[in-house]
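**Q** Contents of model-v9.cif (mmCIF, C-alpha atoms):
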```
data_protein
loop_
_atom_site.label_atom_id
_atom_site.label_comp_id
_atom_site.auth_asym_id
_atom_site.auth_seq_id
_atom_site.Cartn_x
_atom_site.Cartn_y
_atom_site.Cartn_z
CA MET P 22 115.25 85.51 113.99
CA ALA P 23 115.37 85.56 113.31
CA SER P 24 121.73 86.34 114.09
CA SER P 25 130.38 81.29 114.21
CA PHE P 26 127.54 84.25 114.70
CA ALA P 27 125.17 85.99 112.46
CA ILE P 28 123.90 88.79 114.59
CA ALA P 29 122.62 92.26 114.00
CA PHE P 30 125.85 94.18 114.30
CA LYS P 31 124.42 96.90 112.17
CA ALA P 32 121.37 96.91 114.39
CA ALA P 33 123.59 97.53 117.34
CA ALA P 34 125.27 100.36 115.54
CA MET P 35 121.90 101.91 114.83
CA ASN P 36 120.84 101.23 118.40
CA MET P 37 123.68 103.45 119.52
CA ALA P 38 121.97 106.18 117.53
CA GLY P 39 118.60 105.34 119.05
CA SER P 40 117.08 103.29 116.23
CA ILE P 41 116.75 99.50 116.00
CA ASP P 42 115.63 97.41 113.06
CA ARG P 43 116.29 93.76 113.70
CA ARG P 44 116.36 92.48 110.14
CA GLY P 45 118.00 95.32 108.28
CA MET P 46 121.06 95.51 110.50
CA LEU P 47 123.24 92.52 109.81
CA GLY P 48 126.65 91.79 108.48
CA LEU P 49 129.05 94.70 108.70
CA GLY P 50 131.73 92.86 106.79
CA VAL P 51 134.61 94.39 108.72
CA THR P 52 137.96 92.86 109.45
CA ALA P 53 137.73 92.27 113.18
CA THR P 54 139.38 88.95 113.92
CA PHE P 55 142.03 88.85 116.57
CA ALA P 56 143.28 86.95 114.59
CA SER P 57 131.62 55.65 110.43
CA ALA P 58 127.87 56.12 110.44
CA ALA P 59 125.34 54.44 112.70
CA PRO P 60 122.66 52.50 110.82
CA ALA P 61 119.54 54.50 110.12
CA ARG P 62 116.41 53.55 112.02
CA ALA P 63 112.92 53.58 110.57
CA ALA P 64 111.85 57.21 110.68
CA PRO P 65 108.62 59.12 110.14
CA LYS P 66 108.29 61.11 106.96
CA ASP P 67 106.34 64.37 106.87
CA SER P 68 104.51 64.91 103.61
CA ARG P 69 101.90 67.21 105.20
CA PHE P 70 102.12 70.98 104.88
CA LEU P 71 103.96 72.24 107.94
CA TRP P 72 102.26 74.97 109.97
CA GLY P 73 104.47 75.99 112.84
CA ALA P 74 106.48 78.43 114.88
CA ALA P 75 110.24 78.83 115.17
CA THR P 76 112.73 79.46 117.97
CA ALA P 77 116.51 79.43 118.44
CA GLY P 78 118.42 77.99 121.39
CA HIS P 79 120.46 80.99 122.49
CA GLN P 80 117.47 83.28 122.19
CA ILE P 81 115.14 81.27 124.44
CA GLU P 82 117.12 78.78 126.55
CA GLY P 83 119.14 81.03 128.85
CA ASN P 84 122.64 80.90 130.31
CA ASN P 85 124.37 79.57 127.23
CA VAL P 86 127.69 80.37 128.88
CA GLY P 87 129.90 78.40 126.51
CA ALA P 88 128.80 80.37 123.45
CA ASP P 89 130.76 83.00 121.56
CA VAL P 90 127.76 85.30 121.77
CA TRP P 91 127.49 84.97 125.55
CA LEU P 92 131.07 86.19 125.93
CA LEU P 93 130.44 89.14 123.62
CA GLU P 94 127.46 90.08 125.77
CA GLN P 95 129.70 90.25 128.86
CA VAL P 96 132.84 92.07 127.69
CA THR P 97 133.51 95.79 127.89
CA PRO P 98 132.76 97.44 125.59
CA THR P 99 129.85 95.40 124.28
CA MET P 100 127.58 95.94 121.31
CA PHE P 101 124.63 94.34 123.10
CA ALA P 102 121.83 96.40 124.61
CA GLU P 103 121.67 93.87 127.45
CA PRO P 104 122.84 90.31 128.18
CA SER P 105 120.66 87.30 127.39
CA GLY P 106 120.77 85.98 130.97
CA ASP P 107 117.98 83.50 131.64
CA ALA P 108 116.32 84.31 128.30
CA CYS P 109 112.92 82.55 128.41
CA ASP P 110 114.27 79.71 130.56
CA SER P 111 113.30 77.30 127.80
CA LEU P 112 116.21 75.07 128.71
CA HIS P 113 113.95 73.96 131.56
CA ARG P 114 110.52 74.96 130.23
CA TRP P 115 110.75 73.43 126.77
CA ARG P 116 107.86 71.02 127.43
CA GLU P 117 105.64 74.01 128.08
CA ASP P 118 106.72 75.59 124.81
CA VAL P 119 106.04 72.41 122.84
CA ALA P 120 102.66 72.08 124.55
CA ILE P 121 101.74 75.60 123.42
CA VAL P 122 102.58 74.77 119.81
CA LYS P 123 100.34 71.71 120.02
CA ALA P 124 97.51 73.53 121.77
CA LEU P 125 97.47 76.26 119.12
CA GLY P 126 96.68 73.67 116.46
CA LEU P 127 100.03 73.86 114.70
CA ASN P 128 101.80 70.71 113.48
CA ALA P 129 105.47 71.72 113.45
CA TYR P 130 108.04 73.22 115.80
CA ARG P 131 111.39 74.55 114.69
CA PHE P 132 114.17 74.77 117.27
CA SER P 133 117.94 74.69 117.28
CA VAL P 134 120.56 72.48 118.86
CA GLU P 135 123.25 74.46 120.67
CA TRP P 136 126.76 73.43 119.63
CA PRO P 137 128.32 75.24 122.66
CA ARG P 138 126.37 72.96 125.01
CA ILE P 139 127.05 69.77 123.07
CA GLU P 140 130.79 70.31 122.54
CA PRO P 141 131.92 72.65 125.34
CA ALA P 142 135.59 71.78 124.72
CA PRO P 143 137.20 70.50 121.52
CA GLY P 144 136.36 66.84 121.11
CA GLN P 145 134.44 66.63 124.41
CA PHE P 146 130.80 65.87 123.70
CA SER P 147 128.05 66.08 126.28
CA GLN P 148 125.82 63.03 126.11
CA ALA P 149 123.52 64.69 128.60
CA TYR P 150 122.82 67.59 126.25
CA LEU P 151 122.56 65.33 123.22
CA ASP P 152 119.92 63.40 125.15
CA HIS P 153 118.24 66.66 126.14
CA TYR P 154 117.66 67.74 122.55
CA ALA P 155 116.71 64.20 121.54
CA ARG P 156 113.98 64.32 124.17
CA ILE P 157 112.56 67.45 122.54
CA VAL P 158 112.49 65.67 119.18
CA ASP P 159 110.84 62.61 120.68
CA HIS P 160 108.29 64.64 122.62
CA CYS P 161 107.32 66.57 119.50
CA ARG P 162 106.72 63.25 117.75
CA GLU P 163 104.64 61.98 120.64
CA LEU P 164 102.39 65.02 120.26
CA GLY P 165 102.17 64.72 116.48
CA LEU P 166 104.46 67.69 115.80
CA ALA P 167 107.12 67.68 113.10
CA PRO P 168 110.49 68.67 114.63
CA VAL P 169 112.38 70.98 112.26
CA VAL P 170 115.90 71.12 113.71
CA THR P 171 118.58 73.72 113.02
CA PHE P 172 122.09 72.42 113.66
CA ASN P 173 123.64 75.91 113.82
CA HIS P 174 121.58 79.01 114.59
CA PHE P 175 124.52 81.45 114.68
CA THR P 176 126.21 80.55 117.96
CA THR P 177 129.41 78.54 118.14
CA PRO P 178 131.53 77.35 121.09
CA ARG P 179 133.88 79.95 122.55
CA TRP P 180 136.86 77.71 121.82
CA PHE P 181 135.84 77.61 118.15
CA ALA P 182 135.70 81.41 117.87
CA ALA P 183 139.00 81.78 119.72
CA ALA P 184 140.66 79.37 117.29
CA GLY P 185 139.61 81.37 114.24
CA GLY P 186 135.96 80.45 113.80
CA TRP P 187 134.75 79.81 110.28
CA GLU P 188 137.99 81.25 108.93
CA HIS P 189 140.00 78.38 110.39
CA GLY P 190 140.93 75.63 107.95
CA ASP P 191 139.57 72.90 110.22
CA ALA P 192 136.16 74.55 110.65
CA PRO P 193 134.27 72.43 108.07
CA ASP P 194 135.58 69.17 109.52
CA LEU P 195 134.84 70.27 113.08
CA PHE P 196 131.29 71.20 112.16
CA GLY P 197 130.83 67.97 110.25
CA ARG P 198 132.00 66.01 113.29
CA TYR P 199 129.52 67.82 115.51
CA CYS P 200 126.66 67.23 113.05
CA ASP P 201 127.52 63.54 112.96
CA ARG P 202 127.13 63.33 116.75
CA VAL P 203 123.82 65.17 116.67
CA ALA P 204 122.47 63.07 113.82
CA ARG P 205 123.42 59.80 115.49
CA THR P 206 121.45 60.82 118.55
CA MET P 207 118.26 62.24 117.05
CA ALA P 208 118.10 62.10 113.23
CA ALA P 209 115.54 59.30 113.29
CA GLY P 210 112.84 61.63 114.61
CA ILE P 211 113.70 64.87 112.80
CA SER P 212 111.31 66.07 110.10
CA HIS P 213 113.64 68.50 108.29
CA ALA P 214 117.25 69.39 109.10
CA LEU P 215 118.79 72.83 108.55
CA THR P 216 122.57 72.93 108.69
CA PHE P 217 122.76 76.73 108.99
CA ASN P 218 120.47 79.65 109.74
CA GLU P 219 120.85 82.63 107.41
CA PRO P 220 124.65 82.41 106.90
CA ASN P 221 124.35 84.84 103.98
CA LEU P 222 123.70 87.73 106.36
CA ALA P 223 127.46 88.15 106.52
CA LEU P 224 127.31 89.21 102.88
CA GLY P 225 124.09 91.19 102.86
CA GLY P 226 125.30 93.96 105.14
CA ARG P 227 127.64 95.47 102.57
CA TRP P 228 124.63 96.21 100.35
CA ALA P 229 122.79 98.12 103.09
CA GLU P 230 121.43 101.57 102.42
CA ASN P 231 123.21 103.18 105.37
CA PRO P 232 126.64 101.81 106.36
CA PRO P 233 127.36 101.94 110.10
CA PRO P 234 129.25 104.99 111.35
CA PRO P 235 132.99 104.77 112.13
CA ALA P 236 132.33 105.02 115.88
CA ALA P 237 130.22 101.87 115.77
CA MET P 238 132.89 100.04 113.79
CA ALA P 239 135.54 101.04 116.31
CA ARG P 240 133.36 99.86 119.18
CA LEU P 241 132.79 96.54 117.43
CA ALA P 242 136.51 96.03 116.93
CA ALA P 243 137.14 96.84 120.60
CA SER P 244 134.48 94.34 121.65
CA ILE P 245 135.99 91.59 119.51
CA ALA P 246 139.45 92.38 120.91
CA ALA P 247 138.12 92.16 124.47
CA ALA P 248 136.59 88.75 123.74
CA ALA P 249 139.91 87.56 122.31
CA ARG P 250 141.77 88.67 125.45
CA ALA P 251 139.18 87.00 127.67
CA SER P 252 139.73 83.80 125.69
CA GLY P 253 143.51 83.96 125.98
CA SER P 254 143.74 84.21 122.21
CA ASP P 255 144.95 86.67 119.62
CA ARG P 256 141.68 86.31 117.72
CA PHE P 257 137.96 85.88 118.19
CA SER P 258 136.27 85.32 114.89
CA VAL P 259 132.50 85.45 114.65
CA LEU P 260 130.35 85.44 111.55
CA ASN P 261 129.22 88.95 110.53
CA ALA P 262 132.04 90.61 112.44
CA GLY P 263 134.95 90.00 110.13
CA ASP P 264 136.01 89.70 106.50
CA PRO P 265 133.07 87.86 104.92
CA ALA P 266 135.06 86.14 102.17
CA PRO P 267 137.03 83.56 104.20
CA MET P 268 134.14 83.06 106.60
CA ILE P 269 131.69 82.29 103.84
CA ARG P 270 134.14 79.87 102.23
CA GLY P 271 134.30 78.07 105.56
CA VAL P 272 130.55 78.02 106.05
CA VAL P 273 129.86 76.81 102.51
CA ALA P 274 132.35 73.97 102.92
CA ALA P 275 130.89 73.21 106.35
CA HIS P 276 127.39 72.92 104.87
CA VAL P 277 128.62 70.30 102.42
CA LYS P 278 130.35 68.36 105.21
CA ALA P 279 127.32 68.62 107.47
CA ARG P 280 124.91 67.47 104.79
CA ALA P 281 127.05 64.42 104.13
CA ALA P 282 127.35 63.64 107.84
CA ILE P 283 123.60 63.84 108.39
CA ARG P 284 122.79 61.73 105.35
CA ALA P 285 125.32 59.11 106.37
CA VAL P 286 123.19 58.52 109.44
CA ARG P 287 119.77 58.83 107.81
CA GLY P 288 119.73 59.00 104.05
CA ASP P 289 116.07 59.98 103.67
CA LEU P 290 116.13 62.93 106.06
CA PRO P 291 115.47 66.16 104.10
CA VAL P 292 118.46 68.49 104.53
CA GLY P 293 118.86 72.13 103.54
CA LEU P 294 119.88 75.54 104.86
CA SER P 295 117.98 78.79 105.29
CA LEU P 296 118.76 82.06 103.55
CA ALA P 297 117.80 85.58 104.58
CA MET P 298 116.02 86.91 101.51
CA PRO P 299 113.85 90.02 101.28
CA ASP P 300 111.52 90.65 98.39
CA GLU P 301 113.96 92.55 96.16
CA VAL P 302 112.75 95.27 93.83
CA ALA P 303 114.89 96.90 91.13
CA ILE P 304 114.91 100.69 91.22
CA GLY P 305 115.90 102.28 87.92
CA PRO P 306 117.13 100.72 84.66
CA ASP P 307 120.67 100.31 86.02
CA SER P 308 119.71 98.57 89.28
CA ALA P 309 122.37 96.36 90.84
CA ILE P 310 119.77 93.78 91.84
CA GLU P 311 121.36 90.90 89.94
CA ARG P 312 124.86 91.80 91.17
CA LYS P 313 123.54 91.89 94.70
CA ARG P 314 121.87 88.50 94.33
CA ALA P 315 124.99 86.94 92.86
CA ASP P 316 127.05 88.30 95.74
CA VAL P 317 124.70 87.50 98.63
CA TYR P 318 123.15 84.22 97.47
CA GLY P 319 125.51 82.93 94.78
CA PRO P 320 128.03 81.17 97.05
CA PHE P 321 125.20 79.20 98.66
CA PHE P 322 123.30 78.46 95.47
CA ALA P 323 126.53 76.91 94.21
CA VAL P 324 126.42 74.15 96.84
CA MET P 325 122.65 73.71 97.24
CA GLY P 326 122.26 71.44 94.23
CA GLN P 327 122.15 68.32 96.41
CA ASP P 328 119.95 69.88 99.10
CA ASP P 329 116.40 68.60 99.46
CA PHE P 330 114.79 72.00 100.04
CA ALA P 331 115.63 75.68 100.45
CA GLY P 332 114.81 77.45 103.70
CA LEU P 333 113.44 80.98 103.28
CA GLN P 334 113.50 83.78 105.87
CA THR P 335 111.76 86.94 104.77
CA TYR P 336 110.91 90.08 106.75
CA GLY P 337 110.19 92.71 104.12
CA ARG P 338 111.17 94.38 100.90
CA ASP P 339 114.54 95.66 99.74
CA TYR P 340 114.77 98.31 97.04
CA ILE P 341 118.00 98.02 95.02
CA GLY P 342 119.44 101.04 93.26
CA ARG P 343 122.51 101.39 91.10
CA GLU P 344 125.04 100.61 93.83
CA ARG P 345 123.17 99.39 96.92
CA SER P 346 119.85 99.38 98.72
CA VAL P 347 117.99 102.67 98.64
CA ALA P 348 115.12 104.19 100.59
CA ALA P 349 111.62 102.93 99.86
CA PRO P 350 109.59 105.07 97.47
CA ASP P 351 107.46 107.72 99.08
CA ASP P 352 104.29 105.84 98.14
CA ALA P 353 105.44 102.51 99.64
CA PRO P 354 103.03 101.15 102.28
CA LYS P 355 103.99 102.04 105.84
CA ARG P 356 102.90 101.16 109.35
CA ALA P 357 101.65 103.71 111.85
CA ASN P 358 105.20 104.01 113.25
CA GLY P 359 106.58 104.81 109.80
CA LYS P 360 108.25 101.43 109.27
CA PRO P 361 107.64 99.57 105.98
CA TRP P 362 104.58 97.36 105.58
CA PHE P 363 104.63 94.62 102.98
CA PRO P 364 103.42 91.21 104.22
CA ALA P 365 103.32 89.88 100.64
CA ALA P 366 107.12 89.94 100.54
CA VAL P 367 107.32 86.29 101.58
CA GLY P 368 105.32 85.06 98.59
CA ASN P 369 107.45 87.05 96.15
CA ALA P 370 110.69 85.85 97.76
CA ALA P 371 109.48 82.25 97.58
CA ARG P 372 108.91 82.63 93.85
CA TYR P 373 112.44 83.91 93.31
CA LEU P 374 114.15 81.34 95.54
CA HIS P 375 112.38 78.45 93.82
CA LYS P 376 113.19 79.84 90.37
CA ALA P 377 116.85 80.33 91.33
CA THR P 378 117.37 76.90 92.92
CA GLY P 379 114.65 74.63 91.59
CA LYS P 380 114.09 73.48 95.17
CA PRO P 381 110.91 73.15 97.21
CA ILE P 382 110.62 76.06 99.65
CA LEU P 383 110.22 75.80 103.40
CA VAL P 384 109.47 79.17 105.00
CA THR P 385 111.54 78.82 108.14
CA GLU P 386 111.01 82.40 109.37
CA ASN P 387 108.54 85.16 108.62
CA GLY P 388 107.13 87.68 111.04
CA ILE P 389 106.96 91.23 112.31
CA ASP P 390 108.27 93.21 115.28
CA ALA P 391 105.10 94.62 116.78
CA VAL P 392 104.32 95.67 120.33
CA ASP P 393 100.68 96.02 119.24
CA ASP P 394 99.62 92.47 118.41
CA ALA P 395 96.83 93.82 116.23
CA GLU P 396 99.49 94.52 113.60
CA ARG P 397 100.60 90.88 113.73
CA VAL P 398 96.99 89.78 113.43
CA ARG P 399 96.74 91.84 110.26
CA PHE P 400 100.16 90.70 109.00
CA ILE P 401 99.80 86.92 109.22
CA PRO P 402 96.83 86.37 106.85
CA GLU P 403 98.28 88.70 104.23
CA ALA P 404 101.66 86.98 104.36
CA ILE P 405 100.17 83.50 104.11
CA ALA P 406 97.84 84.58 101.29
CA SER P 407 100.88 85.74 99.30
CA LEU P 408 102.46 82.35 99.83
CA GLU P 409 99.26 80.61 98.75
CA ALA P 410 99.22 82.71 95.58
CA ALA P 411 102.76 81.55 94.80
CA MET P 412 101.70 77.96 95.41
CA ALA P 413 98.75 78.40 93.05
CA ASP P 414 101.26 79.48 90.41
CA GLY P 415 103.25 76.28 90.88
CA VAL P 416 105.82 77.12 93.55
CA PRO P 417 106.23 74.02 95.77
CA VAL P 418 106.02 75.22 99.37
CA LEU P 419 106.54 72.70 102.16
CA GLY P 420 105.41 74.82 105.07
CA TYR P 421 105.17 78.12 106.92
CA LEU P 422 107.02 78.52 110.24
CA HIS P 423 106.33 81.86 111.91
CA TRP P 424 109.05 83.77 113.75
CA SER P 425 108.78 83.52 116.56
CA LEU P 426 106.95 81.38 119.06
CA LEU P 427 108.07 83.55 122.00
CA ASP P 428 109.03 87.13 122.64
CA ASN P 429 112.71 86.42 123.18
CA PHE P 430 116.28 87.72 123.17
CA GLU P 431 116.77 89.49 119.87
CA TRP P 432 120.55 89.50 119.83
CA MET P 433 122.08 92.96 120.10
CA SER P 434 118.69 94.57 120.40
CA GLY P 435 118.07 92.67 123.63
CA TYR P 436 114.50 92.11 124.78
CA GLY P 437 113.02 95.23 123.20
CA PRO P 438 111.70 93.81 119.91
CA ARG P 439 108.48 91.79 120.02
CA TYR P 440 108.26 89.09 117.35
CA GLY P 441 106.49 86.46 119.44
CA LEU P 442 103.10 84.83 119.15
CA VAL P 443 103.43 84.36 122.89
CA SER P 444 104.57 86.96 125.43
CA VAL P 445 106.91 85.96 128.25
CA ASP P 446 106.99 87.62 131.66
CA ARG P 447 110.63 88.58 132.24
CA THR P 448 110.44 87.73 135.97
CA THR P 449 108.13 84.72 136.25
CA PHE P 450 108.62 83.35 132.70
CA ARG P 451 104.87 82.94 132.40
CA ARG P 452 103.84 82.31 128.80
CA MET P 453 100.77 84.19 127.53
CA PRO P 454 99.56 83.45 123.97
CA LYS P 455 98.48 86.51 122.03
CA PRO P 456 95.49 86.81 119.68
CA SER P 457 97.88 86.33 116.76
CA ALA P 458 98.78 82.88 118.11
CA LYS P 459 95.15 81.80 118.01
CA LEU P 460 94.79 83.28 114.53
CA LEU P 461 97.73 81.32 113.15
CA GLY P 462 96.38 78.17 114.79
CA ASP P 463 92.95 78.75 113.24
CA ILE P 464 94.53 79.19 109.81
CA ALA P 465 96.54 76.01 110.29
CA ARG P 466 93.46 74.02 111.31
CA ALA P 467 91.61 75.31 108.27
CA GLY P 468 94.51 74.42 105.99
CA GLY P 469 95.09 78.00 104.90
CA THR P 470 93.39 81.34 104.52
CA GLY P 471 90.94 80.12 101.90
CA LYS P 472 92.06 82.90 99.56
CA ARG P 473 93.69 80.67 96.97
#
```
Kindly return the structure encoded in the file as structure tokens.
**A**
Amino acid sequence: MASSFAIAFKAAAMNMAGSIDRRGMLGLGVTATFASAAPARAAPKDSRFLWGAATAGHQIEGNNVGADVWLLEQVTPTMFAEPSGDACDSLHRWREDVAIVKALGLNAYRFSVEWPRIEPAPGQFSQAYLDHYARIVDHCRELGLAPVVTFNHFTTPRWFAAAGGWEHGDAPDLFGRYCDRVARTMAAGISHALTFNEPNLALGGRWAENPPPPAAMARLAASIAAAARASGSDRFSVLNAGDPAPMIRGVVAAHVKARAAIRAVRGDLPVGLSLAMPDEVAIGPDSAIERKRADVYGPFFAVMGQDDFAGLQTYGRDYIGRERSVAAPDDAPKRANGKPWFPAAVGNAARYLHKATGKPILVTENGIDAVDDAERVRFIPEAIASLEAAMADGVPVLGYLHWSLLDNFEWMSGYGPRYGLVSVDRTTFRRMPKPSAKLLGDIARAGGTGKR
């Protein structure tokens, strides 16, 4: 989930206090930086509704040693509960993962391409890894699956972070160059391309109900400083761990460059980006909901006019008071563990995102952290029904991609959270589909819940 580097720094801060919430803990917004296209080939077009599951490279592949995040997992002090290590070993077991998606009856698989693997040093591109990801695209097509590919799912090369990350003036051009290489290798088979995954999380954290304590902020700064020293640099800039303003300017400009680079290779490939967007509810007549939306989504809305779709990632509701998010009302639905329960959030968020952008909506992430899969079994039909209700009211929805396919590395929270449709044995890497996986597949085969 779904966290350059958009990771749950706030989650880590809360983890230090013994509480983890993967989605509500992102973007501290602190200053902590030390300091010609190939011709397009004939390509398949996906007009079908996409039913699928999502993953991200760093979270499932394992041993992504060239990534900024990998280094931050290793330094002392670290904000991570544990290192990613082998993750789910999907770097080698990706065919098994794709086979599971197919066997479940889904028709789409979202995965990310890892920039640290493809460009391990500035200007040095790995053809072997470009071919690796192209094989995943091609294999999905062979099985009748639509490959939804994310070009940046938070992680960036270590050299990029050590040079200033998204704050560096060359960042947009460097990202555009990387996207050009990826597109030249595999754009012909991609169904939908996402330039970025939830880059607005860097802005959302400053609206959180409970800011992280000073001790957590100090630890974060020390971790960033340690990564800078390990890189032989005076800076190590990662998204969500620094001043959001210059980072977001860099990311927004990089999205524009990336979109142009991808379209230069294949002009009919749908391109967009995903935004983290809860179902927002105004509390009180003087709610700051519109100010919050302008702050957290506005910079991206401003450059999405030429996008083909808007990616939506929703995990719950957010209640907005006069200054920031506030606690849920006492009568708000809750799970047995006391955490909020509102599967219909995704349908409401889709309505808002379409109204705000005019774009078709692709749900690129939606899910629930649940050790008891029975909760996920209850969650999925309610969430999809809310999306179907929005569609019945005229919201154009392109697909629903559940987060996540596998129980995987959830950034600073480590391997504790369970978002997967499929469990993974941490020693043998054996994949074991849960009842919720079969349920989602049954819904996909039926074309929906039938509640529209």
**Q** Just so the selection is clear, what residues does the PyMOL selection byres ((chain P and resi 144) around 12) cover here, as a PyMOL selection string?
**A** chain P and resi 136-137+139-143+145-147+178+180-181+194-196+198-199+202
**Q** Suppose you want the space between atom CA of P:Gly388 and atom CA of P:Leu296; what is it in Å?
**A**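 Computed distance, atom CA of P:Gly388 to atom CA of P:Leu296, equals 14.9 Å.
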**Q** Determine the residue membership of the PyMOL selection byres ((chain P and resi 94) around 10) for the file above and supply it as a PyMOL selection string.
**A** chain P and resi 89-93+95-106+244+248+432-433+435
**Q** Atom CA of P:Gly379 and atom CA of P:Asn218 are how many Å apart?
**A**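 Going from atom CA of P:Gly379 over to atom CA of P:Asn218 covers 19.7 Å.
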**Q** Scan for residues within 10 Å of the point (125.1, 61.3, 106.4) in the coordinates of the file, using all atoms listed in the file, and reply as a ChimeraX atom specification.
**A** /P:57-59,61,197,200-201,204-205,208,278-290,292
**Q** Using all atoms listed in the file, which of P:Ala155, P:Ala349, P:Leu426, P:Ala77 sits nearest P:Ile389?
**A**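 Looking only at the distances to P:Ile389, the closest residue turns out to be P:Leu426.
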**Q** Quick one: pull the distance between atom CA of P:Leu127 and atom CA of P:Ala391, Å, one decimal.
**A** 21.5 Å
**Q** Select, from P:Leu374, P:Ala229, P:Tyr436, P:Ala406, the residue with the minimum atom-to-atom distance to P:Gly342, counting only C-alpha atoms.
**A**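 The shortest atom-to-atom distance to P:Gly342 comes from P:Ala229.
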**Q** So, with all atoms listed in the file as the atoms that count, which of P:Ile157, P:Ala303, P:Ala404, P:Val418 lies closest to P:Pro381?
**A** P:Val418
**Q** Using all atoms listed in the file for the distances, tell me which of P:Asp328, P:Asp339, P:Glu230, P:Glu188 is nearest to P:Arg270.
**A**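 Smallest separation from P:Arg270 among the options: P:Glu188.
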**Q** Of the candidates P:Thr448, P:Val384, P:Ala182, P:Glu117, which shows the shortest atom-to-atom distance to P:His423, using all atoms listed in the file?
**A** P:Val384
**Q** I need the output of the PyMOL selection byres ((chain P and resi 333) around 7) for this file as a list in words; which residues are they?
**A**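 Output of the PyMOL selection byres ((chain P and resi 333) around 7): Ser295, Leu296, Ala297, Met298, Ala331, Gly332, Gln334, Thr335, Ile382, Leu383, Val384, Thr385 and Glu386 of chain P.
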**Q** Residues at most 9 Å from P:Phe70, counting all atoms listed in the file, excluding those fewer than 2 positions away in the same chain, as an mmCIF file with C-alpha atoms, keeping the file's coordinate frame?
**A**
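Dumped to out-v5.cif:
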```
data_model
loop_
_atom_site.group_PDB
_atom_site.id
_atom_site.type_symbol
_atom_site.label_atom_id
_atom_site.label_comp_id
_atom_site.auth_asym_id
_atom_site.auth_seq_id
_atom_site.Cartn_x
_atom_site.Cartn_y
_atom_site.Cartn_z
ATOM 1 C CA ASP P 67 106.340 64.370 106.870
ATOM 2 C CA SER P 68 104.510 64.910 103.610
ATOM 3 C CA TRP P 72 102.260 74.970 109.970
ATOM 4 C CA ASN P 128 101.800 70.710 113.480
ATOM 5 C CA VAL P 418 106.020 75.220 99.370
ATOM 6 C CA LEU P 419 106.540 72.700 102.160
ATOM 7 C CA GLY P 420 105.410 74.820 105.070
ATOM 8 C CA TYR P 421 105.170 78.120 106.920
ATOM 9 C CA GLY P 468 94.510 74.420 105.990
#
```
**Q** Counting only C-alpha atoms, which of P:Ala274, P:Lys380, P:Ala209, P:Gly319 gets nearest to P:Gly293?
**A** P:Lys380
**Q** Using all atoms listed in the file, which residues sit within 12 Å of P:Ala410 once same-chain residues fewer than 5 positions away are excluded, as a PyMOL selection string?
**A** chain P and resi 365-369+371-372+403-405+415-418+469-473
**Q** Taking 4 positions as the minimum chain separation for residues in the same chain, which residues sit within 8 Å of P:Asp152 when counting only C-alpha atoms? Answer as a PyMOL selection string.
**A** chain P and resi 148+156+206
**Q** Env of P:Glu82: 10 Å cut, atoms = all atoms listed in the file, seq-sep filter 5 positions within chain, self excluded. Answer as a list in words.
**A**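 Here the answer would be Thr76, Ala77, Ser105, Gly106, Asp107, Ala108, Cys109, Asp110, Ser111, Leu112, His113, Arg114, Trp115, Glu135, Asn429 and Phe430 of chain P.
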**Q** Residues within 12 Å of P:Asn358, please, as a VMD selection string. Count all atoms listed in the file; anything in the same chain fewer than 4 positions from it doesn't count.
**A** chain P and resid 354 362 390 to 393 396
